[in-house]
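Participant: What follows is start_14.tsv, TSV, C-alpha atoms.
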```
chain	number	residue	atom	x	y	z
A	1	MET	CA	-22.98	-8.96	-10.62
A	2	LEU	CA	-20.35	-8.93	-7.87
A	3	ALA	CA	-17.60	-9.91	-10.32
A	4	ARG	CA	-18.53	-6.98	-12.58
A	5	LEU	CA	-18.51	-4.60	-9.60
A	6	LEU	CA	-15.09	-5.79	-8.49
A	7	VAL	CA	-13.70	-5.23	-11.99
A	8	ILE	CA	-15.19	-1.71	-11.93
A	9	THR	CA	-13.53	-1.22	-8.55
A	10	PHE	CA	-10.12	-2.25	-9.93
A	11	VAL	CA	-10.42	-0.17	-13.10
A	12	GLU	CA	-11.59	2.96	-11.32
A	13	SER	CA	-9.03	2.59	-8.53
A	14	LEU	CA	-6.31	2.41	-11.17
A	15	ALA	CA	-7.67	5.52	-12.90
A	16	THR	CA	-8.00	7.33	-9.58
A	17	THR	CA	-4.47	6.50	-8.43
A	18	LEU	CA	-2.77	7.71	-11.59
A	19	ILE	CA	-3.99	11.21	-10.75
A	20	GLU	CA	-4.72	11.11	-7.02
A	21	ARG	CA	-1.21	9.92	-6.15
A	22	GLY	CA	0.77	10.32	-9.36
A	23	ILE	CA	-0.03	13.98	-9.81
A	24	TYR	CA	2.39	15.07	-7.07
A	25	PHE	CA	5.29	13.45	-8.90
A	26	TYR	CA	4.12	15.18	-12.09
A	27	SER	CA	3.83	18.57	-10.42
A	28	HIS	CA	7.20	18.23	-8.67
A	29	SER	CA	9.21	16.90	-11.61
A	30	ARG	CA	7.51	18.69	-14.52
A	31	LEU	CA	6.19	21.93	-13.02
A	32	GLY	CA	8.72	22.42	-10.22
A	33	PHE	CA	6.17	22.53	-7.40
A	34	THR	CA	7.66	23.05	-3.95
A	35	ASP	CA	6.61	21.11	-0.85
A	36	ALA	CA	4.20	23.90	0.10
A	37	GLU	CA	2.70	24.01	-3.40
A	38	ASN	CA	2.20	20.25	-3.46
A	39	LEU	CA	0.56	20.42	-0.04
A	40	GLY	CA	-1.73	23.15	-1.37
A	41	LEU	CA	-2.57	20.97	-4.37
A	42	ALA	CA	-3.43	18.13	-1.98
A	43	LEU	CA	-5.52	20.44	0.21
A	44	GLY	CA	-7.70	21.50	-2.73
A	45	PHE	CA	-8.26	17.88	-3.72
A	46	GLY	CA	-9.15	16.89	-0.17
A	47	ALA	CA	-11.57	19.73	0.47
A	48	ALA	CA	-13.46	18.93	-2.73
A	49	TYR	CA	-13.40	15.20	-1.99
A	50	VAL	CA	-15.05	15.56	1.41
A	51	ALA	CA	-17.74	17.83	-0.07
A	52	GLY	CA	-18.49	15.27	-2.76
A	53	ALA	CA	-18.58	12.36	-0.34
A	54	LEU	CA	-20.97	14.10	2.04
A	55	ALA	CA	-23.28	14.97	-0.86
A	56	SER	CA	-23.27	11.46	-2.33
A	57	HIS	CA	-26.17	10.07	-0.28
A	58	SER	CA	-28.60	12.86	-1.15
A	59	ALA	CA	-27.45	12.88	-4.79
A	60	ALA	CA	-27.99	9.12	-5.10
A	61	ALA	CA	-31.41	9.39	-3.45
A	62	ARG	CA	-32.42	12.07	-5.94
A	63	TRP	CA	-30.96	10.67	-9.17
A	64	SER	CA	-30.41	6.94	-8.40
A	65	GLU	CA	-27.06	5.28	-7.82
A	66	LYS	CA	-26.59	4.27	-11.44
A	67	ARG	CA	-27.24	7.73	-12.88
A	68	LEU	CA	-24.88	9.29	-10.36
A	69	LEU	CA	-22.13	6.77	-11.11
A	70	VAL	CA	-22.47	7.19	-14.88
A	71	ALA	CA	-22.44	10.98	-14.56
A	72	MET	CA	-19.30	10.91	-12.41
A	73	LEU	CA	-17.45	8.65	-14.86
A	74	LEU	CA	-18.33	10.91	-17.79
A	75	ALA	CA	-17.28	14.00	-15.85
A	76	GLN	CA	-13.98	12.42	-14.83
A	77	PHE	CA	-13.26	11.48	-18.43
A	78	ALA	CA	-13.84	15.12	-19.41
A	79	ALA	CA	-11.56	16.38	-16.62
A	80	HIS	CA	-8.76	14.02	-17.64
A	81	ALA	CA	-9.19	15.12	-21.25
A	82	VAL	CA	-8.66	18.74	-20.19
A	83	LEU	CA	-5.43	17.81	-18.39
A	84	PHE	CA	-4.28	15.80	-21.40
A	85	VAL	CA	-4.58	18.92	-23.55
A	86	TRP	CA	-3.17	21.38	-21.01
A	87	ALA	CA	-1.86	20.68	-17.50
A	88	GLY	CA	-0.23	23.97	-16.57
A	89	SER	CA	0.03	24.99	-12.93
A	90	TYR	CA	-3.26	26.87	-12.54
A	91	VAL	CA	-5.27	24.45	-14.66
A	92	LEU	CA	-3.83	21.53	-12.72
A	93	VAL	CA	-4.85	23.00	-9.36
A	94	VAL	CA	-8.42	23.72	-10.45
A	95	VAL	CA	-9.07	20.49	-12.36
A	96	ASN	CA	-7.43	18.38	-9.66
A	97	ALA	CA	-9.90	19.83	-7.13
A	98	ILE	CA	-12.80	19.05	-9.48
A	99	ILE	CA	-11.55	15.47	-9.83
A	100	GLY	CA	-11.44	15.27	-6.03
A	101	GLY	CA	-15.11	16.20	-5.76
A	102	LEU	CA	-16.08	13.71	-8.47
A	103	ASN	CA	-14.21	10.93	-6.70
A	104	GLY	CA	-15.93	11.80	-3.44
A	105	LEU	CA	-19.31	11.37	-5.12
A	106	LYS	CA	-18.33	8.20	-6.98
A	107	TRP	CA	-16.79	5.88	-4.41
A	108	PRO	CA	-19.69	5.70	-1.89
A	109	VAL	CA	-21.94	4.54	-4.73
A	110	ILE	CA	-19.54	1.78	-5.77
A	111	GLU	CA	-19.18	0.67	-2.14
A	112	SER	CA	-22.97	0.53	-1.75
A	113	TYR	CA	-23.40	-1.57	-4.90
A	114	VAL	CA	-20.72	-4.00	-3.75
A	115	ASN	CA	-22.06	-4.53	-0.22
A	116	ALA	CA	-25.84	-4.06	-0.52
A	117	GLY	CA	-28.19	-6.96	0.20
A	118	ARG	CA	-25.67	-9.04	2.14
A	119	THR	CA	-25.83	-10.35	5.69
A	120	PRO	CA	-23.08	-9.31	8.13
A	121	ALA	CA	-21.37	-12.68	7.64
A	122	ALA	CA	-21.44	-12.29	3.87
A	123	GLN	CA	-20.31	-8.66	4.11
A	124	ALA	CA	-17.08	-9.75	5.79
A	125	GLY	CA	-16.15	-11.67	2.66
A	126	THR	CA	-17.43	-8.99	0.32
A	127	VAL	CA	-15.49	-6.21	2.03
A	128	TRP	CA	-12.39	-8.38	1.72
A	129	ARG	CA	-12.95	-8.89	-2.01
A	130	PHE	CA	-13.58	-5.17	-2.44
A	131	ASN	CA	-10.37	-4.27	-0.62
A	132	ILE	CA	-8.20	-6.69	-2.57
A	133	SER	CA	-9.73	-5.34	-5.78
A	134	TRP	CA	-8.91	-1.66	-5.26
A	135	ALA	CA	-5.69	-1.90	-3.24
A	136	PRO	CA	-3.52	-3.73	-5.84
A	137	ALA	CA	-4.72	-1.20	-8.41
A	138	VAL	CA	-3.23	1.56	-6.24
A	139	VAL	CA	0.12	-0.23	-6.31
A	140	ALA	CA	-0.08	-0.71	-10.07
A	141	GLY	CA	-1.19	2.86	-10.72
A	142	LEU	CA	1.52	4.40	-8.61
A	143	ALA	CA	4.19	2.14	-10.10
A	144	ALA	CA	3.02	3.03	-13.62
A	145	ALA	CA	2.80	6.78	-12.99
A	146	GLY	CA	6.57	7.32	-12.88
A	147	PRO	CA	7.38	5.65	-16.21
A	148	LEU	CA	4.43	7.42	-17.85
A	149	ILE	CA	5.60	10.81	-16.56
A	150	GLY	CA	9.17	10.05	-17.61
A	151	TRP	CA	8.16	8.82	-21.08
A	152	TRP	CA	5.47	11.34	-22.09
A	153	SER	CA	3.71	13.10	-19.25
A	154	PRO	CA	0.32	13.64	-21.01
A	155	SER	CA	0.01	9.84	-21.19
A	156	LEU	CA	-0.73	9.89	-17.44
A	157	PHE	CA	-4.00	11.72	-18.12
A	158	ALA	CA	-4.75	9.80	-21.32
A	159	LEU	CA	-4.62	6.45	-19.54
A	160	ALA	CA	-6.81	7.72	-16.68
A	161	GLY	CA	-9.43	8.92	-19.17
A	162	ALA	CA	-9.36	5.66	-21.12
A	163	LEU	CA	-9.91	3.73	-17.89
A	164	ASN	CA	-12.93	5.94	-17.09
A	165	LEU	CA	-14.47	4.92	-20.42
A	166	GLY	CA	-13.82	1.28	-19.56
A	167	GLY	CA	-15.49	1.76	-16.19
A	168	LEU	CA	-18.45	3.42	-17.90
A	169	ALA	CA	-18.94	0.44	-20.22
A	170	LEU	CA	-18.82	-1.94	-17.26
A	171	ALA	CA	-21.27	0.17	-15.22
A	172	TRP	CA	-23.89	0.48	-17.95
A	173	PRO	CA	-25.72	-2.84	-17.21
A	174	LEU	CA	-25.96	-2.17	-13.45
A	175	PRO	CA	-29.45	-1.92	-11.91
A	176	ARG	CA	-30.82	1.54	-11.23
A	177	ARG	CA	-30.52	1.01	-7.46
A	178	PRO	CA	-28.85	-1.73	-5.38
A	179	ALA	CA	-31.15	-3.89	-3.22
A	180	HIS	CA	-30.51	-3.58	0.53
A	181	LEU	CA	-31.11	-6.13	3.28
A	182	PRO	CA	-34.38	-5.45	5.20
A	183	ALA	CA	-33.74	-3.79	8.56
A	184	ASP	CA	-35.67	-6.59	10.31
A	185	HIS	CA	-33.80	-9.41	8.56
A	186	PRO	CA	-33.07	-12.17	11.14
A	187	GLU	CA	-29.34	-12.11	10.36
A	188	ARG	CA	-29.00	-8.41	11.10
A	189	PRO	CA	-27.06	-7.96	14.39
A	190	ALA	CA	-28.99	-7.61	17.65
A	191	PRO	CA	-29.19	-4.10	19.16
A	192	GLU	CA	-26.59	-5.01	21.82
A	193	ALA	CA	-24.16	-6.21	19.16
A	194	LEU	CA	-24.76	-3.10	17.06
A	195	ALA	CA	-23.95	-0.93	20.08
A	196	ARG	CA	-20.52	-2.56	20.40
A	197	PHE	CA	-19.99	-2.37	16.65
A	198	ARG	CA	-20.65	1.38	16.84
A	199	GLY	CA	-17.92	1.83	19.44
A	200	LEU	CA	-15.41	-0.11	17.35
A	201	LEU	CA	-16.54	1.77	14.24
A	202	ALA	CA	-15.98	5.12	15.95
A	203	SER	CA	-12.48	4.12	17.05
A	204	ALA	CA	-11.57	2.82	13.60
A	205	ARG	CA	-12.87	6.01	12.00
A	206	TRP	CA	-10.81	8.25	14.28
A	207	SER	CA	-7.69	6.31	13.35
A	208	MET	CA	-8.62	6.22	9.67
A	209	LEU	CA	-8.95	10.01	9.71
A	210	ALA	CA	-5.41	10.22	11.11
A	211	SER	CA	-4.13	7.69	8.58
A	212	TYR	CA	-5.40	9.64	5.58
A	213	ALA	CA	-4.27	12.97	7.00
A	214	LEU	CA	-0.74	11.62	7.42
A	215	MET	CA	-0.86	9.67	4.16
A	216	TRP	CA	-1.71	12.79	2.19
A	217	ILE	CA	1.25	14.61	3.66
A	218	LEU	CA	3.40	11.68	2.55
A	219	ALA	CA	1.78	11.69	-0.90
A	220	ALA	CA	2.67	15.36	-1.34
A	221	LEU	CA	6.19	15.20	0.13
A	222	LEU	CA	7.60	11.78	-0.86
A	223	PRO	CA	8.42	13.03	-4.38
A	224	ARG	CA	10.84	15.52	-2.79
A	225	VAL	CA	12.07	12.97	-0.21
A	226	PHE	CA	13.08	10.49	-2.91
A	227	ALA	CA	14.52	13.25	-5.12
A	228	ASP	CA	16.73	14.38	-2.22
A	229	LEU	CA	17.93	10.78	-1.82
A	230	GLY	CA	18.91	10.66	-5.50
A	231	VAL	CA	16.00	8.53	-6.76
A	232	GLU	CA	14.71	9.64	-10.16
A	233	VAL	CA	10.98	9.83	-10.84
A	234	ARG	CA	10.71	6.59	-12.86
A	235	ARG	CA	11.76	4.62	-9.76
A	236	ALA	CA	10.40	6.93	-7.07
A	237	THR	CA	6.73	6.23	-7.74
A	238	ALA	CA	7.33	2.48	-7.52
A	239	LEU	CA	9.24	2.87	-4.24
A	240	SER	CA	6.49	5.05	-2.79
A	241	SER	CA	3.97	2.31	-3.60
A	242	LEU	CA	5.55	0.01	-0.99
A	243	LEU	CA	3.17	1.59	1.52
A	244	ASP	CA	0.28	0.37	-0.62
A	245	VAL	CA	1.82	-3.08	-1.08
A	246	PHE	CA	1.80	-3.61	2.68
A	247	ARG	CA	-1.64	-2.07	3.03
A	248	THR	CA	-2.79	-4.73	0.55
A	249	MET	CA	-1.04	-7.41	2.59
A	250	ALA	CA	-2.92	-6.22	5.68
A	251	PHE	CA	-6.17	-6.56	3.73
A	252	LEU	CA	-5.29	-10.12	2.70
A	253	VAL	CA	-4.51	-11.20	6.26
A	254	LEU	CA	-7.55	-9.51	7.82
A	255	GLY	CA	-9.84	-11.04	5.22
A	256	LEU	CA	-8.52	-14.57	5.63
A	257	TRP	CA	-8.39	-14.39	9.43
A	258	ARG	CA	-11.55	-12.95	10.96
A	259	GLY	CA	-10.53	-13.34	14.58
A	260	TRP	CA	-10.03	-9.57	14.76
A	261	HIS	CA	-13.80	-8.95	14.53
A	262	TRP	CA	-15.10	-7.50	17.80
A	263	ARG	CA	-11.57	-7.15	19.20
A	264	ARG	CA	-9.98	-3.90	20.33
A	265	TRP	CA	-6.27	-4.75	20.24
A	266	PRO	CA	-5.82	-4.30	16.43
A	267	LEU	CA	-7.08	-0.74	16.79
A	268	VAL	CA	-4.69	-0.12	19.70
A	269	ILE	CA	-1.74	-1.16	17.50
A	270	VAL	CA	-2.89	1.28	14.83
A	271	ILE	CA	-2.82	4.23	17.25
A	272	PHE	CA	0.94	3.79	17.72
A	273	GLY	CA	1.84	2.45	14.28
A	274	LEU	CA	0.57	5.38	12.23
A	275	PRO	CA	2.74	8.19	13.69
A	276	ALA	CA	5.77	5.90	13.91
A	277	GLY	CA	5.54	4.93	10.24
A	278	PHE	CA	4.85	8.51	9.20
A	279	PHE	CA	7.95	10.08	10.76
A	280	VAL	CA	10.27	7.26	9.70
A	281	SER	CA	9.01	7.56	6.10
A	282	LEU	CA	9.37	11.32	5.99
A	283	TYR	CA	12.70	11.73	7.76
A	284	GLY	CA	14.57	8.47	7.21
A	285	PRO	CA	18.25	9.17	6.40
A	286	ASP	CA	18.38	6.68	3.53
A	287	VAL	CA	16.10	4.85	1.13
A	288	ALA	CA	16.00	1.66	3.21
A	289	THR	CA	14.80	3.53	6.30
A	290	VAL	CA	12.14	5.41	4.33
A	291	LEU	CA	10.89	2.10	2.95
A	292	ALA	CA	10.77	0.60	6.45
A	293	GLY	CA	8.56	3.50	7.51
A	294	GLU	CA	6.28	2.83	4.54
A	295	VAL	CA	5.93	-0.80	5.65
A	296	ILE	CA	4.89	0.19	9.18
A	297	PHE	CA	2.50	2.86	7.96
A	298	GLY	CA	0.97	0.65	5.28
A	299	LEU	CA	0.16	-2.16	7.71
A	300	ALA	CA	-1.41	0.22	10.24
A	301	ALA	CA	-3.38	2.11	7.58
A	302	GLY	CA	-4.68	-1.14	6.11
A	303	MET	CA	-5.87	-2.34	9.48
A	304	THR	CA	-7.84	0.78	10.31
A	305	TYR	CA	-9.34	1.15	6.82
A	306	TYR	CA	-10.57	-2.44	6.77
A	307	ALA	CA	-12.11	-2.19	10.25
A	308	ALA	CA	-13.77	1.15	9.50
A	309	LEU	CA	-15.36	-0.05	6.26
A	310	TYR	CA	-16.50	-3.41	7.62
A	311	TYR	CA	-18.09	-1.99	10.76
A	312	ALA	CA	-19.71	0.84	8.76
A	313	MET	CA	-21.32	-1.54	6.28
A	314	VAL	CA	-22.70	-3.72	9.08
A	315	VAL	CA	-24.03	-0.84	11.20
A	316	LYS	CA	-25.51	1.14	8.28
A	317	ASN	CA	-26.73	-1.86	6.24
A	318	ALA	CA	-24.51	-0.97	3.25
A	319	ALA	CA	-26.38	2.26	2.45
A	320	VAL	CA	-24.73	4.95	0.33
A	321	GLU	CA	-24.86	6.97	3.56
A	322	ALA	CA	-22.36	4.51	5.10
A	323	GLY	CA	-20.00	4.84	2.16
A	324	GLY	CA	-20.50	8.60	2.12
A	325	ALA	CA	-19.50	8.95	5.76
A	326	HIS	CA	-16.56	6.60	5.20
A	327	GLU	CA	-15.33	8.48	2.15
A	328	GLY	CA	-16.12	11.81	3.83
A	329	LEU	CA	-13.64	10.98	6.57
A	330	ILE	CA	-11.09	10.00	3.95
A	331	GLY	CA	-11.65	13.35	2.26
A	332	ALA	CA	-11.35	15.16	5.58
A	333	GLY	CA	-8.00	13.46	6.05
A	334	PHE	CA	-7.00	14.54	2.53
A	335	ALA	CA	-7.66	18.15	3.58
A	336	ILE	CA	-6.54	18.15	7.24
A	337	GLY	CA	-3.20	16.50	6.52
A	338	PRO	CA	-1.92	19.02	3.97
A	339	LEU	CA	-3.25	21.86	6.13
A	340	ALA	CA	-1.26	20.52	9.10
A	341	GLY	CA	1.77	20.09	6.86
A	342	LEU	CA	1.53	23.68	5.65
A	343	ALA	CA	1.21	24.87	9.26
A	344	GLY	CA	4.27	22.84	10.21
A	345	GLY	CA	6.28	24.33	7.38
A	346	ALA	CA	5.22	27.85	8.35
A	347	ILE	CA	6.34	27.51	11.97
A	348	ALA	CA	9.47	25.46	11.25
A	349	PRO	CA	11.89	28.43	11.49
A	350	ALA	CA	10.50	29.37	14.90
A	351	VAL	CA	10.66	25.88	16.43
A	352	GLY	CA	14.06	24.69	15.31
A	353	GLY	CA	13.73	23.32	11.79
A	354	PRO	CA	11.56	21.23	9.46
A	355	VAL	CA	11.40	18.12	11.67
A	356	SER	CA	10.26	20.07	14.73
A	357	GLY	CA	7.90	22.14	12.59
A	358	MET	CA	6.25	19.09	11.05
A	359	ALA	CA	5.96	17.45	14.49
A	360	ALA	CA	4.28	20.58	15.85
A	361	GLY	CA	2.00	20.82	12.81
A	362	VAL	CA	0.73	17.24	12.92
A	363	ALA	CA	0.70	16.78	16.71
A	364	PRO	CA	-2.84	18.19	17.14
A	365	VAL	CA	-4.12	15.82	14.46
A	366	ILE	CA	-2.37	12.77	15.90
A	367	LEU	CA	-3.29	13.50	19.51
A	368	THR	CA	-6.92	14.39	18.79
A	369	CYS	CA	-7.49	11.28	16.69
A	370	ALA	CA	-5.70	9.07	19.22
A	371	ALA	CA	-7.83	10.45	22.05
A	372	GLY	CA	-11.01	9.87	20.06
A	373	ALA	CA	-9.95	6.33	19.19
A	374	VAL	CA	-9.07	5.45	22.79
A	375	TYR	CA	-12.31	6.92	24.16
A	376	SER	CA	-14.36	4.96	21.62
A	377	LEU	CA	-12.53	1.74	22.49
A	378	ALA	CA	-13.29	2.30	26.16
A	379	ARG	CA	-16.98	2.71	25.33
A	380	ALA	CA	-16.89	-0.45	23.20
A	381	ARG	CA	-15.46	-2.36	26.16
A	382	ARG	CA	-18.33	-1.27	28.40
A	383	ARG	CA	-20.77	-2.50	25.74
A	384	ARG	CA	-19.17	-5.92	25.36
A	385	VAL	CA	-21.69	-8.65	24.49
```
Render the structure in this file as structure tokens.
Facilitator:
Amino acid sequence: MLARLLVITFVESLATTLIERGIYFYSHSRLGFTDAENLGLALGFGAAYVAGALASHSAAARWSEKRLLVAMLLAQFAAHAVLFVWAGSYVLVVVNAIIGGLNGLKWPVIESYVNAGRTPAAQAGTVWRFNISWAPAVVAGLAAAGPLIGWWSPSLFALAGALNLGGLALAWPLPRRPAHLPADHPERPAPEALARFRGLLASARWSMLASYALMWILAALLPRVFADLGVEVRRATALSSLLDVFRTMAFLVLGLWRGWHWRRWPLVIVIFGLPAGFFVSLYGPDVATVLAGEVIFGLAAGMTYYAALYYAMVVKNAAVEAGGAHEGLIGAGFAIGPLAGLAGGAIAPAVGGPVSGMAAGVAPVILTCAAGAVYSLARARRRRV
């Protein structure tokens, strides 16, 4: 069944990315959205995503994981069909938010199916397979979005809907509920080990929140960044996917080398790498510098995502609740980032320009998340086993 679940992961990640990341290139190039309007579009998606993710555990408990997954795939197909027929500005904003909520409900269920019933040792390998199933699909989806928009923009939504139908066919044979490892299983970590895992999990989650907040600002603004540098939309989406290429590379390395488990130093690197990569990507004077920033950011984002998901699945025994909290933080980042970006744009004239404004807007996010990550690492050190 794992192979089927990993194919579902790839297919649905591809469908998700076409809209989740490609839509900002569509709105900028076809509808003339400004930076502020794209940030608002991202904010609506993020707010709905976090609501869906936080509701996923109770929804799965009430309806079963399979019913919830099937319902979300059908609803996403319908939403993409609406955008295929008409994707004007107001419709796009509303339907994009609906898609955000559906994604927030969907992904915790997939993560639970993939990881349920496995020991911590087995989960390390399973999380790796999961990550290298969805991450390359992000690269492929973002690279494909530009040519689709340039060729015939409704094809972006048509392909996403077709992929949802493929995911639905693959999900149909799944069991009603995934089987979880008993809480008293002998290979479950000892209480002392779980205490340290919780500290590392908390640190990774703080940094992951920052990574998605900053990433969603980049997702909304990179279309304009590349346009200003003279890169047309067919190439711009592929160039913006370099971040995801290096995030995938981080997943590959972390999965093959497990010496980072229990260690704090990878999470320390992330704390500094995320803001550095963000500002270089957003304000690089040429394409090469922007791409260098994407490399830095992608590696740091990959490291914190992998750690957060692995530690969550171990601590929470792969329950939908674990995936819901994980995806809820991602959704919170989707919302907080654009909100900080809008605030930065609003105060830019008063603080000396767009660079200073953006720095002032995102500083509270970066500093708060860094403080939370450092505090959690300090607690994990005291609980060392």
Participant: Neighbours of Val355 in chain A within 10 Å (all atoms listed in the file; same-chain residues fewer than 3 positions away dropped), as number ranges by chain?
Facilitator: A: 279, 282-283, 344-345, 348, 351-352, 358-361
Participant: Do you know which residues are at most 8 Å from Leu5 in chain A counting only C-alpha atoms, after dropping those on the same chain fewer than 6 positions away, and could you put them as JSON, numbers by chain?
Facilitator: {"A": [110, 113, 114, 171]}
Participant: Ranking A:Gly88, A:Gly331, A:Gly40, A:Gly46 by minimum distance to Ala220 in chain A and counting all atoms listed in the file, which one comes first?
Facilitator: A:Gly40
Participant: Would you kindly return, as a list in words, each protein, DNA or RNA residue with an atom no farther than 9 Å from any atom of range 95-101 of chain A, considering only C-alpha atoms and excluding same-chain residues fewer than 4 positions away?
Facilitator: Thr16, Ile19, Glu20, Ile23, Leu41, Ala42, Leu43, Gly44, Phe45, Gly46, Ala47, Ala48, Tyr49, Val50, Ala51, Gly52, Ala53, Ala75, Gln76, Ala79, His80, Val82, Leu83, Ala87, Tyr90, Val91, Leu105, Lys106 and Gly331 of chain A
Participant: With 5 Å on each side, where is the centre of the axis-aligned box around all listed atoms of range 27-45 of chain A, and how long are its edges in Å to one decimal, as AutoDock Vina command-line options?
Facilitator:
```
--center_x 0.5 --center_y 20.5 --center_z -7.2 --size_x 27.5 --size_y 17.1 --size_z 24.7
```
Participant: Skip Trp206 in chain A itself and residues of its chain fewer than 5 positions away, then list as JSON, numbers by chain all residues within 10 Å of it, counting all atoms listed in the file.
Facilitator: {"A": [201, 211, 271, 304, 308, 329, 366, 368, 369, 370, 371, 372, 373, 374, 376]}
Participant: When you look at Leu163 in chain A with a cut-off of 7 Å (counting only C-alpha atoms), what residues show up, excluding the ones that are within fewer than 3 positions of it in the same chain? I need them as a list of chain:residue names.
Facilitator: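 What passes the distance filter is A:Val11, A:Glu12, A:Ala15, A:Leu159, A:Ala160, A:Gly166, A:Gly167.
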Participant: So, with only C-alpha atoms as the atoms that count, which of A:Ile132, A:Tyr306, A:Gly284, A:Gly298 lies closest to His261 in chain A?
Facilitator: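 When distances to His261 in chain A are compared using only C-alpha atoms, the smallest one comes from A:Tyr306.
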Participant: If you measure from CA of Asn103 in chain A to CA of Leu291 in chain A, what distance in Å do you get, rounded to one decimal?
Facilitator: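 So the answer is 28.3 Å.
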Participant: Would you mind telling me which residue in A:Val315, A:Ala335, A:Leu243, A:Leu309 lies nearest to Phe297 in chain A when using all atoms listed in the file?
Facilitator: A:Leu243
Participant: Between A:Ala380, A:Leu142, A:Ala78, A:Leu254, which residue has the minimum interatomic distance to Asn164 in chain A, considering all atoms listed in the file?
Facilitator: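 Smallest separation from Asn164 in chain A among the options: A:Ala78.
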Participant: Return the single residue from A:Val138, A:Val94, A:Val109, A:Leu377 that is closest to Arg263 in chain A, with distances computed using all atoms listed in the file.
Facilitator: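 Counting all atoms listed in the file, the residue closest to Arg263 in chain A is A:Leu377.
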Participant: To one decimal place, how far is CA of Tyr305 in chain A from CA of Arg205 in chain A in Å?
Facilitator: 7.9 Å
Participant: Considering all atoms listed in the file, can you say which of A:Phe334, A:Phe226, A:Phe272, A:Tyr310 comes closest to Phe25 in chain A?
Facilitator: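 Smallest separation from Phe25 in chain A among the options: A:Phe226.
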Participant: How many Å lie between CA of Ala276 in chain A and CA of Ala204 in chain A, rounded to one decimal?
Facilitator: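 The value is 17.6 Å.
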Participant: Using all atoms listed in the file, find all polymer residues with an atom at most 10 Å away from the point (13.3, 22.1, -2.4); report them as number ranges by chain.
Facilitator: A: 28, 32-36, 224-225, 227-228
